[in-house]
>>> print(open('work-v4.cif').read())   # mmCIF, C-alpha atoms
data_protein
#
loop_
_atom_site.label_atom_id
_atom_site.label_comp_id
_atom_site.auth_asym_id
_atom_site.auth_seq_id
_atom_site.Cartn_x
_atom_site.Cartn_y
_atom_site.Cartn_z
CA MET Q 590 0.00 0.00 0.00
CA VAL Q 591 1.33 3.42 -0.98
CA GLY Q 592 0.91 5.99 1.76
CA GLY Q 593 2.45 8.52 4.07
CA ASP Q 594 3.34 6.48 7.17
CA TRP Q 595 7.01 6.06 7.98
CA CYS Q 596 9.45 5.03 10.69
CA GLU Q 597 13.13 5.90 10.99
CA THR Q 598 16.13 5.32 13.25
CA VAL Q 599 19.11 7.68 13.41
CA ARG Q 600 22.28 6.91 15.37
CA LEU Q 601 23.69 9.81 17.38
CA HIS Q 602 26.84 10.42 19.41
CA PHE Q 603 27.57 8.66 22.73
CA GLY Q 604 25.47 5.59 21.94
CA ARG Q 605 22.18 7.47 21.68
CA THR Q 606 19.56 6.81 18.99
CA LEU Q 607 16.61 8.73 17.58
CA LEU Q 608 13.45 6.75 16.88
CA ILE Q 609 10.86 8.44 14.69
CA VAL Q 610 7.40 7.58 13.42
CA GLY Q 611 5.37 9.90 11.22
CA ASP Q 612 2.13 10.05 9.30
CA VAL Q 613 1.48 12.41 6.39
CA MET Q 614 -2.18 13.36 6.13
CA GLY Q 615 -3.97 11.74 3.23
CA HIS Q 616 -3.24 8.66 1.16
CA GLY Q 617 -1.77 7.59 -2.14
CA LEU Q 618 1.20 8.71 -4.16
CA GLU Q 619 1.08 12.38 -3.12
CA ALA Q 620 1.25 11.46 0.55
CA ALA Q 621 4.15 9.12 -0.19
CA VAL Q 622 6.03 11.90 -1.99
CA ASP Q 623 5.61 14.26 0.95
CA MET Q 624 6.63 11.46 3.33
CA THR Q 625 9.90 11.15 1.42
CA ALA Q 626 10.47 14.91 1.74
CA TYR Q 627 9.89 14.80 5.51
CA ARG Q 628 12.29 11.87 5.90
CA SER Q 629 14.97 13.64 3.88
CA SER Q 630 14.65 16.79 5.99
CA LEU Q 631 14.70 14.73 9.16
CA ARG Q 632 17.99 13.01 8.31
CA TYR Q 633 19.59 16.37 7.63
CA ILE Q 634 18.34 17.96 10.85
CA ALA Q 635 19.14 14.92 12.99
CA SER Q 636 22.82 15.16 12.06
CA ALA Q 637 23.03 18.27 14.29
CA ASP Q 638 22.15 16.11 17.35
CA LEU Q 639 19.41 18.43 18.61
CA PRO Q 640 16.85 17.51 21.31
CA PRO Q 641 13.58 16.08 19.92
CA HIS Q 642 11.49 19.25 20.34
CA ARG Q 643 14.04 21.29 18.38
CA VAL Q 644 14.10 18.67 15.61
CA LEU Q 645 10.33 19.06 15.32
CA ARG Q 646 10.63 22.84 15.33
CA GLN Q 647 13.05 22.79 12.39
CA LEU Q 648 10.98 20.22 10.50
CA ASP Q 649 7.93 22.43 10.97
CA ASP Q 650 9.81 25.51 9.73
CA ILE Q 651 10.95 23.73 6.57
CA ALA Q 652 7.54 22.22 5.79
CA SER Q 653 5.60 25.42 6.45
CA ARG Q 654 7.66 27.23 3.78
CA GLU Q 655 6.36 24.80 1.14
CA PRO Q 656 2.65 25.58 0.61
CA ASP Q 657 1.97 22.33 -1.26
CA ARG Q 658 3.49 20.13 1.48
CA ARG Q 659 0.84 18.17 3.34
CA PRO Q 660 0.85 18.42 7.15
CA ALA Q 661 2.13 15.41 9.08
CA THR Q 662 2.07 14.13 12.61
CA CYS Q 663 5.36 12.95 14.07
CA LEU Q 664 6.70 11.43 17.28
CA ILE Q 665 10.41 11.49 18.11
CA ALA Q 666 12.13 9.53 20.90
CA ARG Q 667 15.80 9.96 21.80
CA LEU Q 668 17.06 6.90 23.65
CA ASP Q 669 20.10 7.26 25.90
CA PRO Q 670 21.28 3.81 27.13
CA ASN Q 671 24.04 5.32 29.28
CA ARG Q 672 21.50 7.24 31.38
CA GLY Q 673 18.62 4.79 30.97
CA GLN Q 674 16.44 7.60 29.65
CA VAL Q 675 14.10 8.36 26.78
CA THR Q 676 13.25 11.94 25.75
CA LEU Q 677 10.15 12.39 23.61
CA ALA Q 678 8.42 15.14 21.65
CA SER Q 679 5.21 14.99 19.62
CA ALA Q 680 3.78 16.94 16.70
CA GLY Q 681 0.11 16.00 16.88
CA HIS Q 682 0.92 12.29 17.19
CA LEU Q 683 -0.51 9.53 19.39
CA PRO Q 684 1.50 8.82 22.56
CA PRO Q 685 4.07 6.02 22.74
CA ALA Q 686 3.44 2.80 24.64
CA VAL Q 687 5.69 1.11 27.18
CA ILE Q 688 5.44 -2.63 27.81
CA ASP Q 689 6.93 -3.61 31.16
CA GLY Q 690 8.62 -6.83 32.27
CA GLN Q 691 5.26 -8.36 33.23
CA GLY Q 692 3.74 -7.67 29.81
CA ARG Q 693 1.57 -4.73 30.93
CA THR Q 694 1.13 -1.91 28.41
CA ASP Q 695 0.84 1.75 29.41
CA LEU Q 696 0.81 4.98 27.39
CA LEU Q 697 3.34 7.69 28.24
CA PRO Q 698 1.83 11.16 28.69
CA ILE Q 699 3.83 13.70 26.70
CA PRO Q 700 3.20 17.30 25.53
CA VAL Q 701 1.57 17.39 22.09
CA GLY Q 702 2.30 20.24 19.70
CA PRO Q 703 0.58 20.96 16.36
CA PRO Q 704 1.23 18.82 13.25
CA LEU Q 705 4.27 19.60 11.14
CA GLY Q 706 3.75 22.06 8.33
CA THR Q 707 1.45 24.41 10.21
CA GLY Q 708 4.24 26.84 11.15
CA LEU Q 709 2.83 27.19 14.67
CA GLY Q 710 5.69 25.54 16.58
CA GLY Q 711 5.27 25.18 20.33
CA TYR Q 712 6.91 21.77 20.76
CA GLU Q 713 8.13 20.50 24.12
CA SER Q 714 10.07 17.45 25.29
CA ALA Q 715 9.45 15.09 28.21
CA THR Q 716 12.05 12.71 29.68
CA TYR Q 717 11.41 9.37 31.40
CA GLN Q 718 13.55 6.65 32.88
CA LEU Q 719 13.42 3.43 30.87
CA GLU Q 720 14.38 0.10 32.41
CA SER Q 721 16.12 -2.60 30.38
CA SER Q 722 13.06 -4.84 30.96
CA GLN Q 723 10.73 -2.30 29.31
CA THR Q 724 9.94 -2.06 25.60
CA LEU Q 725 9.17 1.34 24.07
CA MET Q 726 6.77 1.26 21.11
CA LEU Q 727 5.99 4.08 18.69
CA PHE Q 728 3.15 3.63 16.19
CA THR Q 729 0.91 5.42 13.71
CA ASP Q 730 -2.85 5.68 14.15
CA GLY Q 731 -3.58 2.95 11.62
CA LEU Q 732 -2.52 0.38 14.21
CA VAL Q 733 -5.33 1.22 16.64
CA GLU Q 734 -8.00 3.38 14.99
CA ARG Q 735 -11.25 1.82 13.82
CA ARG Q 736 -13.96 3.62 11.87
CA GLY Q 737 -16.68 5.09 14.08
CA GLU Q 738 -14.76 4.41 17.29
CA ASP Q 739 -13.55 6.97 19.82
CA ILE Q 740 -9.74 7.20 19.94
CA ASP Q 741 -9.77 6.54 23.69
CA GLN Q 742 -11.43 3.18 23.02
CA SER Q 743 -8.83 2.42 20.36
CA LEU Q 744 -5.94 3.18 22.69
CA ALA Q 745 -7.58 1.14 25.45
CA ARG Q 746 -7.56 -1.84 23.09
CA LEU Q 747 -3.80 -1.45 22.69
CA SER Q 748 -3.34 -1.23 26.46
CA GLY Q 749 -5.32 -4.44 26.81
CA VAL Q 750 -3.12 -6.51 24.51
CA GLY Q 751 -1.67 -9.33 26.60
CA ILE Q 752 2.07 -9.81 26.03
CA GLU Q 753 4.30 -12.43 27.61
CA GLY Q 754 6.55 -10.87 30.24
CA ASP Q 755 9.75 -12.31 28.78
CA ALA Q 756 8.93 -11.52 25.13
CA GLY Q 757 11.73 -10.03 23.03
CA VAL Q 758 11.29 -6.93 20.92
CA GLU Q 759 10.42 -8.90 17.78
CA ASN Q 760 7.87 -11.02 19.67
CA VAL Q 761 6.31 -7.89 21.18
CA LEU Q 762 5.76 -6.47 17.70
CA ASP Q 763 4.44 -9.76 16.33
CA THR Q 764 1.96 -10.04 19.21
CA VAL Q 765 0.70 -6.47 18.91
CA LEU Q 766 0.32 -6.62 15.12
CA THR Q 767 -1.47 -9.98 15.27
CA ARG Q 768 -3.86 -9.22 18.12
CA LEU Q 769 -4.79 -5.82 16.70
CA ASP Q 770 -5.27 -7.41 13.26
CA ALA Q 771 -2.94 -4.89 11.60
CA GLY Q 772 -3.02 -6.89 8.36
CA HIS Q 773 -6.62 -5.77 7.84
CA ALA Q 774 -6.22 -2.20 9.09
CA GLU Q 775 -8.22 0.52 7.32
CA ASP Q 776 -5.15 2.81 7.18
CA ASP Q 777 -1.40 2.47 6.76
CA VAL Q 778 0.46 1.11 9.78
CA ALA Q 779 4.01 1.84 10.94
CA VAL Q 780 5.34 0.50 14.24
CA LEU Q 781 8.78 0.81 15.84
CA ALA Q 782 9.81 -0.88 19.10
CA ALA Q 783 13.05 -0.69 21.07
CA ARG Q 784 14.59 -1.89 24.32
CA LEU Q 785 17.74 -0.71 26.09
CA HIS Q 786 20.56 -3.17 26.70
CA HIS Q 787 22.05 -3.68 30.15
CA ARG Q 788 25.25 -2.29 28.66
CA PRO Q 789 25.24 0.78 26.37
CA GLY Q 790 23.33 -0.15 23.26
CA LEU Q 791 19.87 -0.63 21.81
CA THR Q 792 17.76 -3.41 20.36
CA TYR Q 793 14.97 -2.33 18.03
CA ASP Q 794 12.64 -3.62 15.34
CA ALA Q 795 10.43 -1.74 12.91
CA ARG Q 796 7.45 -2.73 10.81
CA ARG Q 797 5.60 -0.86 8.13
#
>>> encode(input="work-v4.cif", output="structure tokens")
Amino acid sequence: MVGGDWCETVRLHFGRTLLIVGDVMGHGLEAAVDMTAYRSSLRYIASADLPPHRVLRQLDDIASREPDRRPATCLIARLDPNRGQVTLASAGHLPPAVIDGQGRTDLLPIPVGPPLGTGLGGYESATYQLESSQTLMLFTDGLVERRGEDIDQSLARLSGVGIEGDAGVENVLDTVLTRLDAGHAEDDVAVLAARLHHRPGLTYDARR
């Protein structure tokens, strides 16, 4: 399926990594073209090793200067294995999920700014501790949204997915995608999951 959902990983200095998921509004080839433009801008901005909210600010500035560029939602997570931390910023995107060592799924509350391309800015970051037993999952709305359903109900369905406590990152993704029937989703789906190593490093898996 051609569409505007994407996920990206960018390695930074000192063992840190950026995880990004985004969703260009609309469908089809035009959304896919704009998605490629956002990804290209993101790789360029990320090379400056800025905090997530400043990456979003620069992406928004670039996109807002192109009147034909479709708006997009975006969620950025900067993982720091040395500090055991994740710093997140959102441009109109759904919150990330954290699956703990017992298989429980919770959503992380983070500040939400406007979608990219509006030129409004106003992005903020939030930082959380992340244990090596926890899996961080970023996703686009196609994973959870169902036609005619309130988004809170959709997110509650994700929180209710039962996951084995000792599941690896790949198994976490397989379980979520299967139990939410992502293969028959009404919209594009992009999912990215990661877990910190006990030593500096990162294990991640992405699906689109």
>>> resolve_selection(input="work-v4.cif", expression="the PyMOL selection byres ((chain Q and resi 670) around 7)", output="list in words")
Gly604, Arg605, Leu668, Asp669, Asn671, Arg672, Gly673, Gln674, Leu785, Pro789 and Gly790 of chain Q
>>> resolve_selection(input="work-v4.cif", expression="the PyMOL selection byres ((chain Q and resi 697) around 9)", output="list in words")
Pro684, Pro685, Ala686, Val687, Asp695, Leu696, Pro698, Ile699 and Tyr717 of chain Q
>>> write_last_selection(input="work-v4.cif", atoms="C-alpha atoms", output="compact mmCIF listing (two decimals), in the frame of the given file")
# COMPACT_ATOMS: atom_id res chain seq x y z
CA PRO Q 684 1.50 8.82 22.56
CA PRO Q 685 4.07 6.02 22.74
CA ALA Q 686 3.44 2.80 24.64
CA VAL Q 687 5.69 1.11 27.18
CA ASP Q 695 0.84 1.75 29.41
CA LEU Q 696 0.81 4.98 27.39
CA PRO Q 698 1.83 11.16 28.69
CA ILE Q 699 3.83 13.70 26.70
CA TYR Q 717 11.41 9.37 31.40
>>> residues_near_point(input="work-v4.cif", point="(11.8, 21.5, 12.9)", cutoff="12 Å", atoms="all atoms listed in the file", output="CSV table (one decimal) with C-alpha atoms, in the frame of the given file")
chain,number,residue,atom,x,y,z
Q,627,TYR,CA,9.9,14.8,5.5
Q,628,ARG,CA,12.3,11.9,5.9
Q,630,SER,CA,14.6,16.8,6.0
Q,631,LEU,CA,14.7,14.7,9.2
Q,632,ARG,CA,18.0,13.0,8.3
Q,633,TYR,CA,19.6,16.4,7.6
Q,634,ILE,CA,18.3,18.0,10.8
Q,635,ALA,CA,19.1,14.9,13.0
Q,637,ALA,CA,23.0,18.3,14.3
Q,639,LEU,CA,19.4,18.4,18.6
Q,640,PRO,CA,16.8,17.5,21.3
Q,641,PRO,CA,13.6,16.1,19.9
Q,642,HIS,CA,11.5,19.2,20.3
Q,643,ARG,CA,14.0,21.3,18.4
Q,644,VAL,CA,14.1,18.7,15.6
Q,645,LEU,CA,10.3,19.1,15.3
Q,646,ARG,CA,10.6,22.8,15.3
Q,647,GLN,CA,13.0,22.8,12.4
Q,648,LEU,CA,11.0,20.2,10.5
Q,649,ASP,CA,7.9,22.4,11.0
Q,650,ASP,CA,9.8,25.5,9.7
Q,651,ILE,CA,11.0,23.7,6.6
Q,652,ALA,CA,7.5,22.2,5.8
Q,653,SER,CA,5.6,25.4,6.4
Q,654,ARG,CA,7.7,27.2,3.8
Q,663,CYS,CA,5.4,13.0,14.1
Q,665,ILE,CA,10.4,11.5,18.1
Q,678,ALA,CA,8.4,15.1,21.6
Q,679,SER,CA,5.2,15.0,19.6
Q,680,ALA,CA,3.8,16.9,16.7
Q,702,GLY,CA,2.3,20.2,19.7
Q,703,PRO,CA,0.6,21.0,16.4
Q,704,PRO,CA,1.2,18.8,13.2
Q,705,LEU,CA,4.3,19.6,11.1
Q,706,GLY,CA,3.8,22.1,8.3
Q,707,THR,CA,1.4,24.4,10.2
Q,708,GLY,CA,4.2,26.8,11.2
Q,709,LEU,CA,2.8,27.2,14.7
Q,710,GLY,CA,5.7,25.5,16.6
Q,711,GLY,CA,5.3,25.2,20.3
Q,712,TYR,CA,6.9,21.8,20.8
Q,713,GLU,CA,8.1,20.5,24.1
>>> residues_around(input="work-v4.cif", residues="stretch 769-771 of chain Q", least_positions_apart="5", cutoff="12 Å", atoms="only C-alpha atoms", output="PyMOL selection string")
chain Q and resi 728-735+743-751+762-764+776-780+796-797
>>> write_last_selection(input="work-v4.cif", atoms="C-alpha atoms", output="compact mmCIF listing (two decimals), in the frame of the given file")
# COMPACT_ATOMS: atom_id res chain seq x y z
CA PHE Q 728 3.15 3.63 16.19
CA THR Q 729 0.91 5.42 13.71
CA ASP Q 730 -2.85 5.68 14.15
CA GLY Q 731 -3.58 2.95 11.62
CA LEU Q 732 -2.52 0.38 14.21
CA VAL Q 733 -5.33 1.22 16.64
CA GLU Q 734 -8.00 3.38 14.99
CA ARG Q 735 -11.25 1.82 13.82
CA SER Q 743 -8.83 2.42 20.36
CA LEU Q 744 -5.94 3.18 22.69
CA ALA Q 745 -7.58 1.14 25.45
CA ARG Q 746 -7.56 -1.84 23.09
CA LEU Q 747 -3.80 -1.45 22.69
CA SER Q 748 -3.34 -1.23 26.46
CA GLY Q 749 -5.32 -4.44 26.81
CA VAL Q 750 -3.12 -6.51 24.51
CA GLY Q 751 -1.67 -9.33 26.60
CA LEU Q 762 5.76 -6.47 17.70
CA ASP Q 763 4.44 -9.76 16.33
CA THR Q 764 1.96 -10.04 19.21
CA ASP Q 776 -5.15 2.81 7.18
CA ASP Q 777 -1.40 2.47 6.76
CA VAL Q 778 0.46 1.11 9.78
CA ALA Q 779 4.01 1.84 10.94
CA VAL Q 780 5.34 0.50 14.24
CA ARG Q 796 7.45 -2.73 10.81
CA ARG Q 797 5.60 -0.86 8.13
>>> closest_residue(input="work-v4.cif", among="Q:Asp623, Q:Leu608, Q:Val675, Q:Ser629", to="Q:Pro656", atoms="all atoms listed in the file")
Q:Asp623
>>> atom_distance(input="work-v4.cif", atom1="atom CA of Q:Arg693", atom2="atom CA of Q:Leu664")
21.8 Å
>>> atom_distance(input="work-v4.cif", atom1="atom CA of Q:Ala756", atom2="atom CA of Q:His602")
28.9 Å
>>> resolve_selection(input="work-v4.cif", expression="the PyMOL selection byres ((chain Q and resi 615) around 12)", output="ChimeraX atom specification")
/Q:591-594,612-614,616-624,658-662,776-777
>>> residues_around(input="work-v4.cif", residues="Q:Asn760", least_positions_apart="2", cutoff="12 Å", atoms="only C-alpha atoms", output="list in words")
Ile688, Gly692, Thr724, Gly751, Ile752, Glu753, Gly754, Asp755, Ala756, Gly757, Val758, Leu762, Asp763, Thr764, Val765, Leu766, Thr767, Arg768, Ala782, Ala783, Tyr793, Asp794 and Ala795 of chain Q
>>> closest_residue(input="work-v4.cif", among="Q:His773, Q:His786, Q:Arg736, Q:His682", to="Q:Gly611", atoms="only C-alpha atoms")
Q:His682
>>> atom_distance(input="work-v4.cif", atom1="atom CA of Q:Leu601", atom2="atom CA of Q:Thr716")
17.2 Å
>>> decode(input="work-v4.cif", residues="stretch 624-658 of chain Q", atoms="N, CA and C atoms", output="PDB file, in the first residue's frame")
ATOM      1  N   MET Q 624       5.953  12.267   2.305  1.00  0.00           N
ATOM      2  CA  MET Q 624       6.630  11.465   3.327  1.00  0.00           C
ATOM      3  C   MET Q 624       8.124  11.392   3.048  1.00  0.00           C
ATOM      4  N   THR Q 625       8.492  11.204   1.796  1.00  0.00           N
ATOM      5  CA  THR Q 625       9.904  11.146   1.420  1.00  0.00           C
ATOM      6  C   THR Q 625      10.601  12.473   1.711  1.00  0.00           C
ATOM      7  N   ALA Q 626       9.900  13.582   1.470  1.00  0.00           N
ATOM      8  CA  ALA Q 626      10.469  14.905   1.741  1.00  0.00           C
ATOM      9  C   ALA Q 626      10.688  15.107   3.242  1.00  0.00           C
ATOM     10  N   TYR Q 627       9.729  14.690   4.060  1.00  0.00           N
ATOM     11  CA  TYR Q 627       9.893  14.797   5.513  1.00  0.00           C
ATOM     12  C   TYR Q 627      11.077  13.958   5.992  1.00  0.00           C
ATOM     13  N   ARG Q 628      11.195  12.755   5.481  1.00  0.00           N
ATOM     14  CA  ARG Q 628      12.290  11.870   5.903  1.00  0.00           C
ATOM     15  C   ARG Q 628      13.635  12.457   5.519  1.00  0.00           C
ATOM     16  N   SER Q 629      13.720  13.033   4.328  1.00  0.00           N
ATOM     17  CA  SER Q 629      14.967  13.639   3.879  1.00  0.00           C
ATOM     18  C   SER Q 629      15.355  14.806   4.777  1.00  0.00           C
ATOM     19  N   SER Q 630      14.379  15.666   5.101  1.00  0.00           N
ATOM     20  CA  SER Q 630      14.653  16.794   5.993  1.00  0.00           C
ATOM     21  C   SER Q 630      15.061  16.306   7.379  1.00  0.00           C
ATOM     22  N   LEU Q 631      14.412  15.264   7.832  1.00  0.00           N
ATOM     23  CA  LEU Q 631      14.699  14.734   9.163  1.00  0.00           C
ATOM     24  C   LEU Q 631      16.139  14.247   9.268  1.00  0.00           C
ATOM     25  N   ARG Q 632      16.607  13.520   8.275  1.00  0.00           N
ATOM     26  CA  ARG Q 632      17.986  13.007   8.311  1.00  0.00           C
ATOM     27  C   ARG Q 632      18.985  14.155   8.361  1.00  0.00           C
ATOM     28  N   TYR Q 633      18.694  15.214   7.636  1.00  0.00           N
ATOM     29  CA  TYR Q 633      19.589  16.371   7.626  1.00  0.00           C
ATOM     30  C   TYR Q 633      19.599  17.054   8.988  1.00  0.00           C
ATOM     31  N   ILE Q 634      18.426  17.277   9.566  1.00  0.00           N
ATOM     32  CA  ILE Q 634      18.336  17.963  10.855  1.00  0.00           C
ATOM     33  C   ILE Q 634      18.934  17.113  11.967  1.00  0.00           C
ATOM     34  N   ALA Q 635      18.680  15.808  11.927  1.00  0.00           N
ATOM     35  CA  ALA Q 635      19.138  14.917  12.994  1.00  0.00           C
ATOM     36  C   ALA Q 635      20.655  14.895  13.110  1.00  0.00           C
ATOM     37  N   SER Q 636      21.355  15.179  12.031  1.00  0.00           N
ATOM     38  CA  SER Q 636      22.819  15.156  12.058  1.00  0.00           C
ATOM     39  C   SER Q 636      23.386  16.209  13.005  1.00  0.00           C
ATOM     40  N   ALA Q 637      22.584  17.229  13.364  1.00  0.00           N
ATOM     41  CA  ALA Q 637      23.035  18.269  14.289  1.00  0.00           C
ATOM     42  C   ALA Q 637      22.879  17.849  15.750  1.00  0.00           C
ATOM     43  N   ASP Q 638      22.288  16.670  15.993  1.00  0.00           N
ATOM     44  CA  ASP Q 638      22.153  16.110  17.346  1.00  0.00           C
ATOM     45  C   ASP Q 638      21.397  17.058  18.276  1.00  0.00           C
ATOM     46  N   LEU Q 639      20.250  17.539  17.815  1.00  0.00           N
ATOM     47  CA  LEU Q 639      19.406  18.428  18.610  1.00  0.00           C
ATOM     48  C   LEU Q 639      18.426  17.616  19.463  1.00  0.00           C
ATOM     49  N   PRO Q 640      17.901  18.193  20.557  1.00  0.00           N
ATOM     50  CA  PRO Q 640      16.855  17.506  21.312  1.00  0.00           C
ATOM     51  C   PRO Q 640      15.600  17.361  20.459  1.00  0.00           C
ATOM     52  N   PRO Q 641      14.738  16.383  20.776  1.00  0.00           N
ATOM     53  CA  PRO Q 641      13.581  16.083  19.918  1.00  0.00           C
ATOM     54  C   PRO Q 641      12.675  17.273  19.615  1.00  0.00           C
ATOM     55  N   HIS Q 642      12.418  18.138  20.609  1.00  0.00           N
ATOM     56  CA  HIS Q 642      11.489  19.250  20.339  1.00  0.00           C
ATOM     57  C   HIS Q 642      12.090  20.250  19.351  1.00  0.00           C
ATOM     58  N   ARG Q 643      13.418  20.380  19.337  1.00  0.00           N
ATOM     59  CA  ARG Q 643      14.045  21.294  18.377  1.00  0.00           C
ATOM     60  C   ARG Q 643      14.103  20.668  16.986  1.00  0.00           C
ATOM     61  N   VAL Q 644      14.200  19.345  16.911  1.00  0.00           N
ATOM     62  CA  VAL Q 644      14.103  18.675  15.610  1.00  0.00           C
ATOM     63  C   VAL Q 644      12.731  18.934  14.997  1.00  0.00           C
ATOM     64  N   LEU Q 645      11.690  18.795  15.817  1.00  0.00           N
ATOM     65  CA  LEU Q 645      10.333  19.059  15.322  1.00  0.00           C
ATOM     66  C   LEU Q 645      10.175  20.513  14.893  1.00  0.00           C
ATOM     67  N   ARG Q 646      10.745  21.423  15.657  1.00  0.00           N
ATOM     68  CA  ARG Q 646      10.634  22.840  15.327  1.00  0.00           C
ATOM     69  C   ARG Q 646      11.240  23.131  13.953  1.00  0.00           C
ATOM     70  N   GLN Q 647      12.408  22.551  13.686  1.00  0.00           N
ATOM     71  CA  GLN Q 647      13.049  22.793  12.392  1.00  0.00           C
ATOM     72  C   GLN Q 647      12.292  22.100  11.260  1.00  0.00           C
ATOM     73  N   LEU Q 648      11.784  20.894  11.518  1.00  0.00           N
ATOM     74  CA  LEU Q 648      10.975  20.221  10.503  1.00  0.00           C
ATOM     75  C   LEU Q 648       9.739  21.050  10.156  1.00  0.00           C
ATOM     76  N   ASP Q 649       9.114  21.612  11.176  1.00  0.00           N
ATOM     77  CA  ASP Q 649       7.928  22.432  10.968  1.00  0.00           C
ATOM     78  C   ASP Q 649       8.266  23.685  10.159  1.00  0.00           C
ATOM     79  N   ASP Q 650       9.396  24.308  10.475  1.00  0.00           N
ATOM     80  CA  ASP Q 650       9.814  25.508   9.734  1.00  0.00           C
ATOM     81  C   ASP Q 650      10.009  25.193   8.253  1.00  0.00           C
ATOM     82  N   ILE Q 651      10.687  24.097   7.962  1.00  0.00           N
ATOM     83  CA  ILE Q 651      10.946  23.728   6.571  1.00  0.00           C
ATOM     84  C   ILE Q 651       9.648  23.436   5.833  1.00  0.00           C
ATOM     85  N   ALA Q 652       8.781  22.625   6.452  1.00  0.00           N
ATOM     86  CA  ALA Q 652       7.541  22.216   5.786  1.00  0.00           C
ATOM     87  C   ALA Q 652       6.590  23.386   5.589  1.00  0.00           C
ATOM     88  N   SER Q 653       6.546  24.308   6.547  1.00  0.00           N
ATOM     89  CA  SER Q 653       5.603  25.418   6.447  1.00  0.00           C
ATOM     90  C   SER Q 653       5.982  26.398   5.344  1.00  0.00           C
ATOM     91  N   ARG Q 654       7.246  26.352   4.882  1.00  0.00           N
ATOM     92  CA  ARG Q 654       7.661  27.228   3.780  1.00  0.00           C
ATOM     93  C   ARG Q 654       7.314  26.646   2.412  1.00  0.00           C
ATOM     94  N   GLU Q 655       6.760  25.439   2.395  1.00  0.00           N
ATOM     95  CA  GLU Q 655       6.357  24.801   1.143  1.00  0.00           C
ATOM     96  C   GLU Q 655       4.834  24.649   1.157  1.00  0.00           C
ATOM     97  N   PRO Q 656       4.113  25.546   0.510  1.00  0.00           N
ATOM     98  CA  PRO Q 656       2.652  25.583   0.612  1.00  0.00           C
ATOM     99  C   PRO Q 656       1.957  24.310   0.130  1.00  0.00           C
ATOM    100  N   ASP Q 657       2.604  23.548  -0.747  1.00  0.00           N
ATOM    101  CA  ASP Q 657       1.973  22.334  -1.258  1.00  0.00           C
ATOM    102  C   ASP Q 657       2.263  21.105  -0.392  1.00  0.00           C
ATOM    103  N   ARG Q 658       3.146  21.261   0.607  1.00  0.00           N
ATOM    104  CA  ARG Q 658       3.487  20.134   1.477  1.00  0.00           C
ATOM    105  C   ARG Q 658       2.325  19.820   2.410  1.00  0.00           C
TER     106      ARG Q 658
END
